[in-house]
Structures are given as C-alpha cells and as structure tokens.
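Undergrad: Hey, dropping model_31.txt in here, compact mmCIF, C-alpha atoms:
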# COMPACT_ATOMS: atom_id res chain seq x y z
CA MET A 119 59.85 135.81 101.64
CA ARG A 120 57.52 132.87 101.00
CA ILE A 121 56.67 132.15 97.40
CA GLU A 122 53.51 130.16 96.77
CA ASN A 123 54.39 129.07 93.27
CA PRO A 124 58.03 129.70 92.37
CA ASP A 125 57.42 128.73 88.74
CA SER A 126 55.06 131.63 88.36
CA ILE A 127 57.84 134.15 88.83
CA SER A 128 60.57 132.34 86.93
CA LYS A 129 61.91 134.46 84.16
CA ALA A 130 65.00 134.44 82.03
CA PRO A 131 67.60 137.12 82.65
CA ASP A 132 67.10 138.57 79.17
CA GLY A 133 63.41 139.19 79.94
CA ARG A 134 62.09 137.57 76.75
CA PRO A 135 59.00 135.32 76.99
CA ASP A 136 59.35 131.58 77.45
CA ARG A 137 58.52 130.69 73.85
CA ASP A 138 61.53 132.73 72.65
CA GLN A 139 63.99 131.05 75.02
CA PRO A 140 66.42 128.36 73.86
CA ALA A 141 65.57 124.74 74.64
CA TRP A 142 68.33 124.34 77.21
CA ARG A 143 66.75 126.97 79.44
CA GLU A 144 63.67 124.78 79.70
CA GLN A 145 65.85 121.86 80.77
CA PHE A 146 67.61 123.91 83.44
CA PRO A 147 65.09 126.38 84.83
CA ILE A 148 66.35 128.85 87.42
CA ASP A 149 64.28 131.08 89.64
CA TRP A 150 66.33 134.17 89.12
CA PRO A 151 64.40 136.35 91.59
CA THR A 152 65.01 133.82 94.37
CA ASP A 153 68.63 133.24 93.47
CA ASP A 154 69.96 135.06 96.52
CA PHE A 155 71.81 134.03 99.65
CA ARG A 156 70.17 130.64 99.98
CA SER A 157 72.34 128.61 97.61
CA ARG A 158 75.43 130.56 98.64
CA ARG A 159 74.74 129.68 102.23
CA ASP A 160 74.59 125.97 101.40
CA PHE A 161 77.80 126.26 99.43
CA THR A 162 79.38 128.10 102.34
CA LYS A 163 78.42 125.31 104.74
CA LEU A 164 79.89 122.77 102.36
CA LEU A 165 83.15 124.74 102.20
CA GLY A 166 83.32 124.96 105.98
CA LEU A 167 82.72 121.25 106.44
CA THR A 168 85.29 120.43 103.74
CA SER A 169 87.82 122.61 105.52
CA LEU A 170 87.10 120.83 108.79
CA ALA A 171 87.41 117.44 107.09
CA PHE A 172 90.89 118.38 105.84
CA VAL A 173 91.94 119.30 109.39
CA VAL A 174 90.64 115.95 110.65
CA GLY A 175 92.66 114.23 107.91
CA GLN A 176 95.81 116.10 108.94
CA ILE A 177 95.32 115.14 112.58
CA TRP A 178 94.82 111.54 111.52
CA ILE A 179 98.20 111.61 109.73
CA VAL A 180 99.82 113.11 112.84
CA LEU A 181 98.45 110.23 114.93
CA LEU A 182 99.72 107.71 112.38
CA ALA A 183 103.16 109.35 112.47
CA PHE A 184 103.31 109.18 116.26
CA ARG A 185 102.24 105.56 116.18
CA ARG A 186 104.95 104.78 113.64
CA ARG A 187 107.60 106.27 115.94
CA MET A 188 106.66 103.93 118.76
CA PRO A 189 108.28 100.51 118.74
CA LEU A 190 105.70 98.08 117.45
CA GLY A 191 107.14 94.98 119.07
CA LEU A 192 106.86 92.94 115.90
CA PRO A 193 107.43 89.22 116.35
CA GLU A 194 110.63 87.48 115.37
CA MET A 195 109.84 84.92 112.69
CA GLU A 196 112.04 82.45 110.86
CA VAL A 197 111.63 83.00 107.13
CA ALA A 198 114.33 80.77 105.63
CA SER A 199 116.16 77.71 106.87
CA PRO A 200 119.85 76.97 106.23
CA ASP A 201 120.69 76.34 102.58
CA GLU A 202 117.07 76.84 101.53
CA LEU A 203 118.02 79.63 99.16
CA ALA A 204 120.92 79.70 96.75
CA VAL A 205 122.46 83.04 95.80
CA GLY A 206 119.96 84.80 93.52
CA ASP A 207 116.97 82.83 94.79
CA SER A 208 113.90 84.39 96.36
CA LYS A 209 111.15 83.33 98.67
CA ILE A 210 107.68 84.73 99.37
CA PHE A 211 106.40 84.83 102.93
CA ASP A 212 103.88 86.70 105.09
CA TYR A 213 105.15 89.07 107.77
CA PRO A 214 104.13 90.29 110.33
CA ARG A 215 100.60 89.06 109.65
CA ALA A 216 98.87 86.87 107.11
CA GLY A 217 98.27 88.75 103.89
CA ALA A 218 101.22 91.15 104.35
CA THR A 219 103.29 89.49 101.66
CA CYS A 220 107.04 90.02 101.63
CA VAL A 221 109.82 88.78 99.42
CA LEU A 222 113.23 87.59 100.64
CA THR A 223 116.18 87.47 98.27
CA ARG A 224 119.65 86.11 98.82
CA VAL A 225 121.91 88.62 97.10
CA ALA A 226 125.24 87.13 98.27
CA SER A 227 126.35 84.11 100.19
CA ASP A 228 126.20 86.06 103.43
CA ARG A 229 123.67 88.74 102.57
CA PHE A 230 119.87 88.72 102.42
CA VAL A 231 117.35 91.49 101.73
CA ALA A 232 113.60 91.45 102.26
CA TYR A 233 110.92 93.92 101.24
CA GLY A 234 107.17 94.23 101.35
CA GLN A 235 105.97 92.90 98.01
CA LYS A 236 103.34 95.55 97.32
CA CYS A 237 104.51 98.11 94.79
CA THR A 238 104.26 101.62 96.26
CA HIS A 239 102.56 102.80 93.09
CA LEU A 240 99.34 100.76 92.92
CA SER A 241 100.11 97.72 95.11
CA CYS A 242 100.89 95.17 92.41
CA PRO A 243 103.31 92.47 93.63
CA VAL A 244 106.93 93.21 92.74
CA ILE A 245 109.16 90.47 91.38
CA PRO A 246 112.83 90.25 92.32
CA LYS A 247 115.29 90.25 89.41
CA PRO A 248 118.64 89.53 91.08
CA GLU A 249 120.42 89.25 87.70
CA LYS A 250 119.50 92.91 87.09
CA ASN A 251 119.96 93.88 90.74
CA CYS A 252 116.40 95.17 90.96
CA LEU A 253 112.80 94.37 91.80
CA GLN A 254 110.35 94.90 89.01
CA CYS A 255 106.64 95.65 89.07
CA PRO A 256 105.06 94.08 85.98
CA CYS A 257 101.92 96.23 86.05
CA HIS A 258 103.46 99.59 85.15
CA GLU A 259 107.15 98.73 84.75
CA GLY A 260 108.21 100.20 88.07
CA VAL A 261 111.76 99.27 89.06
CA PHE A 262 113.26 99.28 92.55
CA ASP A 263 116.86 98.90 93.65
CA LEU A 264 117.39 95.43 95.12
CA ALA A 265 119.98 96.65 97.62
CA THR A 266 117.99 99.55 99.09
CA GLY A 267 114.40 99.27 97.87
CA ARG A 268 114.51 102.80 96.43
CA PRO A 269 112.60 103.46 93.20
CA LEU A 270 114.83 103.60 90.12
CA SER A 271 112.38 104.14 87.29
CA GLY A 272 108.71 103.99 86.38
CA PRO A 273 105.74 105.46 88.24
CA PRO A 274 106.68 104.58 91.88
CA ARG A 275 108.06 107.51 93.89
CA ARG A 276 108.35 105.86 97.31
CA PRO A 277 110.70 103.08 98.39
CA LEU A 278 109.49 99.60 99.23
CA PRO A 279 109.04 98.86 102.95
CA ARG A 280 112.24 97.14 104.03
CA LEU A 281 112.33 94.35 106.58
CA ARG A 282 114.94 94.12 109.31
CA LEU A 283 116.61 90.69 109.14
CA LYS A 284 118.78 88.66 111.46
CA VAL A 285 120.89 85.71 110.37
CA SER A 286 121.69 83.15 113.03
CA ASP A 287 123.31 79.78 112.29
CA GLY A 288 122.36 80.13 108.65
CA ARG A 289 118.72 80.68 109.51
CA VAL A 290 117.13 83.95 108.47
CA PHE A 291 114.72 85.73 110.80
CA ALA A 292 112.50 88.72 110.14
CA VAL A 293 112.61 90.92 113.24
CA GLY A 294 110.94 94.17 112.20
CA ILE A 295 110.28 96.78 109.57
CA GLU A 296 112.84 99.49 108.93
CA GLU A 297 110.61 102.01 107.21
CA GLY A 298 107.40 102.33 105.22
CA VAL A 299 104.02 100.69 105.65
CA LEU A 300 103.37 97.03 104.84
CA MET B 57 82.78 144.50 115.72
CA ASN B 58 80.35 146.93 114.11
CA LEU B 59 80.27 146.83 110.36
CA PRO B 60 78.98 149.74 108.36
CA SER B 61 75.71 149.07 106.58
CA PHE B 62 76.16 148.10 102.96
CA ALA B 63 73.75 148.13 100.08
CA ARG B 64 72.60 144.71 98.86
CA SER B 65 74.81 144.83 95.78
CA GLN B 66 77.80 145.76 97.93
CA ARG B 67 77.07 142.90 100.29
CA LEU B 68 76.88 140.46 97.41
CA THR B 69 80.26 141.62 96.19
CA ILE B 70 81.77 141.24 99.64
CA VAL B 71 80.24 137.79 100.09
CA ALA B 72 81.56 136.68 96.70
CA ALA B 73 85.03 137.95 97.63
CA ILE B 74 84.93 136.11 100.94
CA LEU B 75 83.77 132.90 99.29
CA ALA B 76 86.56 133.16 96.72
CA PHE B 77 89.10 133.64 99.51
CA VAL B 78 87.69 130.69 101.46
CA LEU B 79 87.76 128.55 98.34
CA VAL B 80 91.46 129.33 97.84
CA LEU B 81 92.14 128.36 101.46
CA VAL B 82 90.26 125.06 101.04
CA VAL B 83 92.26 124.26 97.90
CA LEU B 84 95.42 125.06 99.88
CA GLN B 85 94.28 122.62 102.56
CA LEU B 86 93.71 119.95 99.92
CA TRP B 87 97.24 120.47 98.61
CA LEU B 88 98.61 120.33 102.18
CA LEU B 89 96.81 117.05 102.85
CA THR B 90 98.03 115.33 99.69
CA ALA B 91 101.61 116.57 100.13
CA THR B 92 101.64 115.47 103.77
CA MET B 93 100.25 112.04 102.95
CA GLU B 94 102.81 111.60 100.19
CA SER B 95 105.63 112.60 102.51
CA PHE B 96 104.34 110.37 105.31
CA LEU B 97 104.06 107.32 103.07
CA ALA B 98 107.59 107.99 101.82
CA GLY B 99 108.80 107.52 105.39
CA SER B 100 109.33 111.13 106.40
CA GLY B 101 107.40 112.56 109.30
CA ALA B 102 109.13 115.95 109.47
CA ILE B 103 106.36 118.04 107.92
CA VAL B 104 103.41 116.25 109.47
CA VAL B 105 102.92 118.51 112.49
CA PRO B 106 103.65 121.86 110.74
CA ALA B 107 101.26 120.91 107.95
CA ALA B 108 98.55 120.03 110.46
CA LEU B 109 99.04 123.37 112.20
CA ALA B 110 98.89 125.22 108.87
CA SER B 111 95.69 123.38 107.95
CA LEU B 112 94.23 124.20 111.35
CA GLY B 113 95.11 127.85 110.79
CA CYS B 114 93.36 127.80 107.42
CA PHE B 115 90.28 126.28 109.02
CA ALA B 116 90.30 128.90 111.79
CA LEU B 117 90.49 131.64 109.17
CA ASN B 118 87.68 130.04 107.18
CA PHE B 119 85.54 129.65 110.25
CA GLY B 120 86.16 133.23 111.30
CA LEU B 121 85.31 134.59 107.87
CA LEU B 122 82.24 132.44 107.37
CA HIS B 123 80.81 132.41 110.86
CA PHE B 124 81.48 135.86 112.23
CA PHE B 125 81.95 138.09 109.24
CA LEU B 126 79.15 136.75 107.08
CA ARG B 127 76.76 136.60 109.99
CA LYS B 128 77.40 140.22 110.85
CA LEU B 129 77.10 141.15 107.22
CA GLU B 130 73.66 139.58 107.01
CA ARG B 131 72.30 141.72 109.83
Can you give me the file's structure in the form of structure tokens?
TA:
Amino acid sequence: MRIENPDSISKAPDGRPDRDQPAWREQFPIDWPTDDFRSRRDFTKLLGLTSLAFVVGQIWIVLLAFRRRMPLGLPEMEVASPDELAVGDSKIFDYPRAGATCVLTRVASDRFVAYGQKCTHLSCPVIPKPEKNCLQCPCHEGVFDLATGRPLSGPPRRPLPRLRLKVSDGRVFAVGIEEGVL
Amino acid sequence: MNLPSFARSQRLTIVAAILAFVLVLVVLQLWLLTATMESFLAGSGAIVVPAALASLGCFALNFGLLHFFLRKLER
C-alpha cells in the first residue's frame, strides 16, 4: 500500500487529538497504521546476518586453532650471553619478531624462564618480581606465577605465553613458544 | 510444506514467537563465540570445533525459520 503523505494518517494509539498528546510523542512520531511487517523484516534480516557473522567468527577461531597446532618453525635466537644475568635478574627482548616483547628471568643458577610480557588481561607489560616468585602487572594488580606463568590473583584468567628456552655453554636461546599467543 | 491460512493477528503472534526464538538462538551464538574465544586464548582448543558446529546448527535453524517459515507465512 502506497501512502502519499504518511504524516496525514499518523495517530496516537489512544486516539486522542495531537494537541492532547504528551510532548514526547511529538519528538518520537510513529505511523501506527504502517507499523506492520516492514520494520520486523529489517530486524529479521539483521538477526540473520548477525547469526551468520557469529558462524564466520567460529570458523575463524577453528582456523586459528589449526594453525596453532602446526609447527611454526620459529627461529632460534640468543637472548642472553654467559654471565649476563645474575640470579634474580631479568632482561627484556623481542621474540620472535620486533614488538613482541618478552621477559627473561634467571630464577636459579641453572634455570631460566621467559614469558611474553603482555598481561593477558589488557596487555600492560608485566614486571618480574623474583623476590616474590611472581610477575606483576602494575595496571590492575594482576599477579602471575614466575615458575609457570599461571595467573595467581587479580583480573587475568589466562596464563602468560611461555617461551621454550635452550641453554648451551651458558648462553640462553629462545627456540619457540610453548603455549598462548604473543 | 503447506501451512494453514492464518488471520493477520495470528500471523503476527507467530512471527513474534519466531523472532523471539531466533533472538534466543543469536544470544546463544554470542555466548558460544565468547566462551570459545576465551578457551582458545587460554591455550585449549578442545571445544573449538564442537562450538563451531553448534553455532552452525543455530544458524541453520535461524535460516530455516526466517527464510522458509516466514516466507510461507507471508503468502
């Protein structure tokens, strides 16, 4: 049905004339007689597209999961030279690419750990606290276990990405990522 | 599928019911997506494929309801 002038047939649901209507009805006029399938149809299309978008998102996650299972062939990179770090010291470095900041900590004379430095809450850089055996995020007081990278307290719920290390002749090499996303 | 003819008010009620059902399914898909992403970022990939299949099933149901049922109802 084609309506030449929709305003001419606008009327409030209570049927009273315009001058008796509250002010808000003037601000939000609705053509009640034409309020039929049209707007529902648009809403229906929106729902259908939203549903499709969620499926696309799920498939995207599946592809990411498959890609994560494949060996990435990350490069081997020297991150600390002999005697560069005393026990309890830390060092910041980029691995496997520039901008992917990681932190290496010497927790014992023969033991090193390295994690991605981005907090898994909101990506603030975490700071190692070897004296407390943890890594701390100063933004929201998130705390991670220094030995495993698992969250101990605060907002983070996911562990820090942990780097695979190799020690050869006192030199420390990063050779891969054990889990998580840098 | 031949649907019986409904009065306009009956059709509106049926359409509203279908839209409510579809809306619930879309919210379920949103929950599935966020839960899957959370699990994936935590390092677990076990629920990724089942969640994708469940979401696909929801979409198929939505599509069936919206495309076939509503179209037939409009005739």
Undergrad: Rank nothing, just name the residue among B:Ala98, B:Arg64, B:Pro106, B:Lys128 nearest to chain A, using all atoms listed in the file.
TA: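 That would be B:Ala98, the residue with the smallest distance to chain A.
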Undergrad: Please list as a ChimeraX atom specification every residue within 9 Å of B:Val104, counting all atoms listed in the file and excluding residues in the same chain fewer than 5 positions away.
TA: /A:176-177,179-180,183 /B:92-93,95-96,109
Undergrad: If we count only C-alpha atoms, which residues of chain B reach to within 8 Å of chain A? Please list them as a list in words.
TA: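 Taking only C-alpha atoms into account, Leu75, Val78, Leu79, Val82, Gln85, Leu86, Leu89, Thr92, Met93, Phe96, Leu97, Ala98, Gly99, Gly101, Val104, Val105, Ala107, Ala108, Ser111, Leu112, Cys114, Phe115, Asn118, Phe119 and Leu122 of chain B sit within 8 Å of chain A.
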Undergrad: Report, in Å with one decimal, the straight-line distance from atom CA of A:Ala226 to atom CA of A:Cys252.
TA: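 Taking atom CA of A:Ala226 and atom CA of A:Cys252, their separation equals 14.0 Å.
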Undergrad: Can you list, as a short mmCIF file (atom, residue, chain, number, x, y, z; two decimals) with C-alpha atoms, keeping the file's coordinate frame, every protein, DNA or RNA residue that comes within 12 Å of A:Lys284 when you count all atoms listed in the file, leaving out same-chain residues fewer than 3 positions away?
TA:
data_model
loop_
_atom_site.label_atom_id
_atom_site.label_comp_id
_atom_site.auth_asym_id
_atom_site.auth_seq_id
_atom_site.Cartn_x
_atom_site.Cartn_y
_atom_site.Cartn_z
CA GLU A 194 110.63 87.48 115.37
CA MET A 195 109.84 84.92 112.69
CA GLU A 196 112.04 82.45 110.86
CA VAL A 197 111.63 83.00 107.13
CA ALA A 198 114.33 80.77 105.63
CA ASP A 228 126.20 86.06 103.43
CA ARG A 229 123.67 88.74 102.57
CA PHE A 230 119.87 88.72 102.42
CA VAL A 231 117.35 91.49 101.73
CA ALA A 232 113.60 91.45 102.26
CA LEU A 281 112.33 94.35 106.58
CA ASP A 287 123.31 79.78 112.29
CA GLY A 288 122.36 80.13 108.65
CA ARG A 289 118.72 80.68 109.51
CA VAL A 290 117.13 83.95 108.47
CA PHE A 291 114.72 85.73 110.80
CA ALA A 292 112.50 88.72 110.14
CA VAL A 293 112.61 90.92 113.24
CA GLY A 294 110.94 94.17 112.20
CA ILE A 295 110.28 96.78 109.57
#
Undergrad: Which residues, written as a VMD selection string, have at least one atom at most 7 Å from stretch 202-206 of chain A, with only C-alpha atoms counted and residues fewer than 3 positions away on the same chain left out?
TA: chain A and resid 198 to 199 223 to 227 248
Undergrad: How far is it from atom CA of A:Gly272 to atom CA of A:Glu259, in Å with one decimal?
TA: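 Taking atom CA of A:Gly272 as the start and atom CA of A:Glu259 as the end point, the length is 5.7 Å.
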Undergrad: Give me, please, the distance in Å between atom CA of A:Met188 and atom CA of A:Arg268, quoted to one decimal.
TA: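 We find that atom CA of A:Met188 and atom CA of A:Arg268 lie 23.7 Å from each other.
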Undergrad: Taking all atoms listed in the file into account, which of B:Ala63, B:Ile103, B:Ile74, B:Leu68 comes nearest B:Phe125?
TA: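 Using all atoms listed in the file, B:Phe125 sits closest to B:Ile74.
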Undergrad: Write out as a list of chain:residue names the residues lying within 9 Å of A:Gln235, counting all atoms listed in the file and excluding same-chain residues fewer than 5 positions away.
TA: A:Ile210, A:Ala218, A:Thr219, A:Cys220, A:Val221, A:Ser241, A:Cys242, A:Pro243, A:Val244, A:Ile245, A:Leu278, A:Pro279, A:Leu300
Undergrad: Can you tell me, as JSON, the centre and edge lengths (Å, one decimal) of the axis-aligned box enclosing all of stretch 59-73 of chain B's listed atoms after padding each side by 5 Å?
TA:
{"center_x": 78.8, "center_y": 143.2, "center_z": 103.1, "size_x": 22.4, "size_y": 23.1, "size_z": 24.6}
Undergrad: Since the input has fewer atoms than a full residue there, write stretch 102-129 of chain B out with N, CA and C atoms, as a PDB file, in the frame of the given file.
TA:
ATOM      1  N   ALA B 102     108.670 114.621 109.036  1.00  0.00           N
ATOM      2  CA  ALA B 102     109.130 115.950 109.470  1.00  0.00           C
ATOM      3  C   ALA B 102     108.075 117.032 109.272  1.00  0.00           C
ATOM      4  N   ILE B 103     107.285 116.938 108.213  1.00  0.00           N
ATOM      5  CA  ILE B 103     106.360 118.040 107.920  1.00  0.00           C
ATOM      6  C   ILE B 103     104.951 117.766 108.420  1.00  0.00           C
ATOM      7  N   VAL B 104     104.772 116.638 109.093  1.00  0.00           N
ATOM      8  CA  VAL B 104     103.410 116.250 109.470  1.00  0.00           C
ATOM      9  C   VAL B 104     102.775 117.256 110.424  1.00  0.00           C
ATOM     10  N   VAL B 105     103.498 117.595 111.487  1.00  0.00           N
ATOM     11  CA  VAL B 105     102.920 118.510 112.490  1.00  0.00           C
ATOM     12  C   VAL B 105     102.788 119.943 111.947  1.00  0.00           C
ATOM     13  N   PRO B 106     103.840 120.513 111.303  1.00  0.00           N
ATOM     14  CA  PRO B 106     103.650 121.860 110.740  1.00  0.00           C
ATOM     15  C   PRO B 106     102.513 121.941 109.729  1.00  0.00           C
ATOM     16  N   ALA B 107     102.351 120.896 108.924  1.00  0.00           N
ATOM     17  CA  ALA B 107     101.260 120.910 107.950  1.00  0.00           C
ATOM     18  C   ALA B 107      99.911 120.870 108.639  1.00  0.00           C
ATOM     19  N   ALA B 108      99.820 120.087 109.714  1.00  0.00           N
ATOM     20  CA  ALA B 108      98.550 120.030 110.460  1.00  0.00           C
ATOM     21  C   ALA B 108      98.235 121.383 111.075  1.00  0.00           C
ATOM     22  N   LEU B 109      99.267 122.055 111.607  1.00  0.00           N
ATOM     23  CA  LEU B 109      99.040 123.370 112.200  1.00  0.00           C
ATOM     24  C   LEU B 109      98.613 124.385 111.131  1.00  0.00           C
ATOM     25  N   ALA B 110      99.254 124.302 109.964  1.00  0.00           N
ATOM     26  CA  ALA B 110      98.890 125.220 108.870  1.00  0.00           C
ATOM     27  C   ALA B 110      97.450 124.981 108.438  1.00  0.00           C
ATOM     28  N   SER B 111      97.070 123.704 108.343  1.00  0.00           N
ATOM     29  CA  SER B 111      95.690 123.380 107.950  1.00  0.00           C
ATOM     30  C   SER B 111      94.703 123.868 109.003  1.00  0.00           C
ATOM     31  N   LEU B 112      95.095 123.718 110.260  1.00  0.00           N
ATOM     32  CA  LEU B 112      94.230 124.200 111.350  1.00  0.00           C
ATOM     33  C   LEU B 112      94.077 125.715 111.268  1.00  0.00           C
ATOM     34  N   GLY B 113      95.174 126.396 110.947  1.00  0.00           N
ATOM     35  CA  GLY B 113      95.110 127.850 110.790  1.00  0.00           C
ATOM     36  C   GLY B 113      94.186 128.250 109.651  1.00  0.00           C
ATOM     37  N   CYS B 114      94.262 127.514 108.542  1.00  0.00           N
ATOM     38  CA  CYS B 114      93.360 127.800 107.420  1.00  0.00           C
ATOM     39  C   CYS B 114      91.907 127.607 107.837  1.00  0.00           C
ATOM     40  N   PHE B 115      91.661 126.536 108.581  1.00  0.00           N
ATOM     41  CA  PHE B 115      90.280 126.280 109.020  1.00  0.00           C
ATOM     42  C   PHE B 115      89.806 127.390 109.959  1.00  0.00           C
ATOM     43  N   ALA B 116      90.687 127.829 110.870  1.00  0.00           N
ATOM     44  CA  ALA B 116      90.300 128.900 111.790  1.00  0.00           C
ATOM     45  C   ALA B 116      89.958 130.174 111.016  1.00  0.00           C
ATOM     46  N   LEU B 117      90.762 130.456 109.996  1.00  0.00           N
ATOM     47  CA  LEU B 117      90.490 131.640 109.170  1.00  0.00           C
ATOM     48  C   LEU B 117      89.162 131.484 108.427  1.00  0.00           C
ATOM     49  N   ASN B 118      88.954 130.298 107.873  1.00  0.00           N
ATOM     50  CA  ASN B 118      87.680 130.040 107.180  1.00  0.00           C
ATOM     51  C   ASN B 118      86.498 130.205 108.116  1.00  0.00           C
ATOM     52  N   PHE B 119      86.637 129.598 109.287  1.00  0.00           N
ATOM     53  CA  PHE B 119      85.540 129.650 110.250  1.00  0.00           C
ATOM     54  C   PHE B 119      85.267 131.090 110.661  1.00  0.00           C
ATOM     55  N   GLY B 120      86.333 131.829 110.914  1.00  0.00           N
ATOM     56  CA  GLY B 120      86.160 133.230 111.300  1.00  0.00           C
ATOM     57  C   GLY B 120      85.468 134.020 110.215  1.00  0.00           C
ATOM     58  N   LEU B 121      85.911 133.841 108.985  1.00  0.00           N
ATOM     59  CA  LEU B 121      85.310 134.590 107.870  1.00  0.00           C
ATOM     60  C   LEU B 121      83.851 134.218 107.680  1.00  0.00           C
ATOM     61  N   LEU B 122      83.586 132.905 107.695  1.00  0.00           N
ATOM     62  CA  LEU B 122      82.240 132.440 107.370  1.00  0.00           C
ATOM     63  C   LEU B 122      81.270 132.676 108.521  1.00  0.00           C
ATOM     64  N   HIS B 123      81.734 132.370 109.729  1.00  0.00           N
ATOM     65  CA  HIS B 123      80.810 132.410 110.860  1.00  0.00           C
ATOM     66  C   HIS B 123      80.576 133.832 111.349  1.00  0.00           C
ATOM     67  N   PHE B 124      81.647 134.538 111.621  1.00  0.00           N
ATOM     68  CA  PHE B 124      81.480 135.860 112.230  1.00  0.00           C
ATOM     69  C   PHE B 124      81.204 136.947 111.190  1.00  0.00           C
ATOM     70  N   PHE B 125      82.046 136.982 110.167  1.00  0.00           N
ATOM     71  CA  PHE B 125      81.950 138.090 109.240  1.00  0.00           C
ATOM     72  C   PHE B 125      80.661 138.037 108.431  1.00  0.00           C
ATOM     73  N   LEU B 126      80.367 136.856 107.892  1.00  0.00           N
ATOM     74  CA  LEU B 126      79.150 136.750 107.080  1.00  0.00           C
ATOM     75  C   LEU B 126      77.898 136.949 107.915  1.00  0.00           C
ATOM     76  N   ARG B 127      77.931 136.442 109.141  1.00  0.00           N
ATOM     77  CA  ARG B 127      76.760 136.600 109.990  1.00  0.00           C
ATOM     78  C   ARG B 127      76.499 138.066 110.291  1.00  0.00           C
ATOM     79  N   LYS B 128      77.571 138.789 110.585  1.00  0.00           N
ATOM     80  CA  LYS B 128      77.400 140.220 110.850  1.00  0.00           C
ATOM     81  C   LYS B 128      76.956 140.973 109.599  1.00  0.00           C
ATOM     82  N   LEU B 129      77.454 140.482 108.476  1.00  0.00           N
ATOM     83  CA  LEU B 129      77.100 141.150 107.220  1.00  0.00           C
ATOM     84  C   LEU B 129      75.632 140.990 106.884  1.00  0.00           C
TER      85      LEU B 129
END
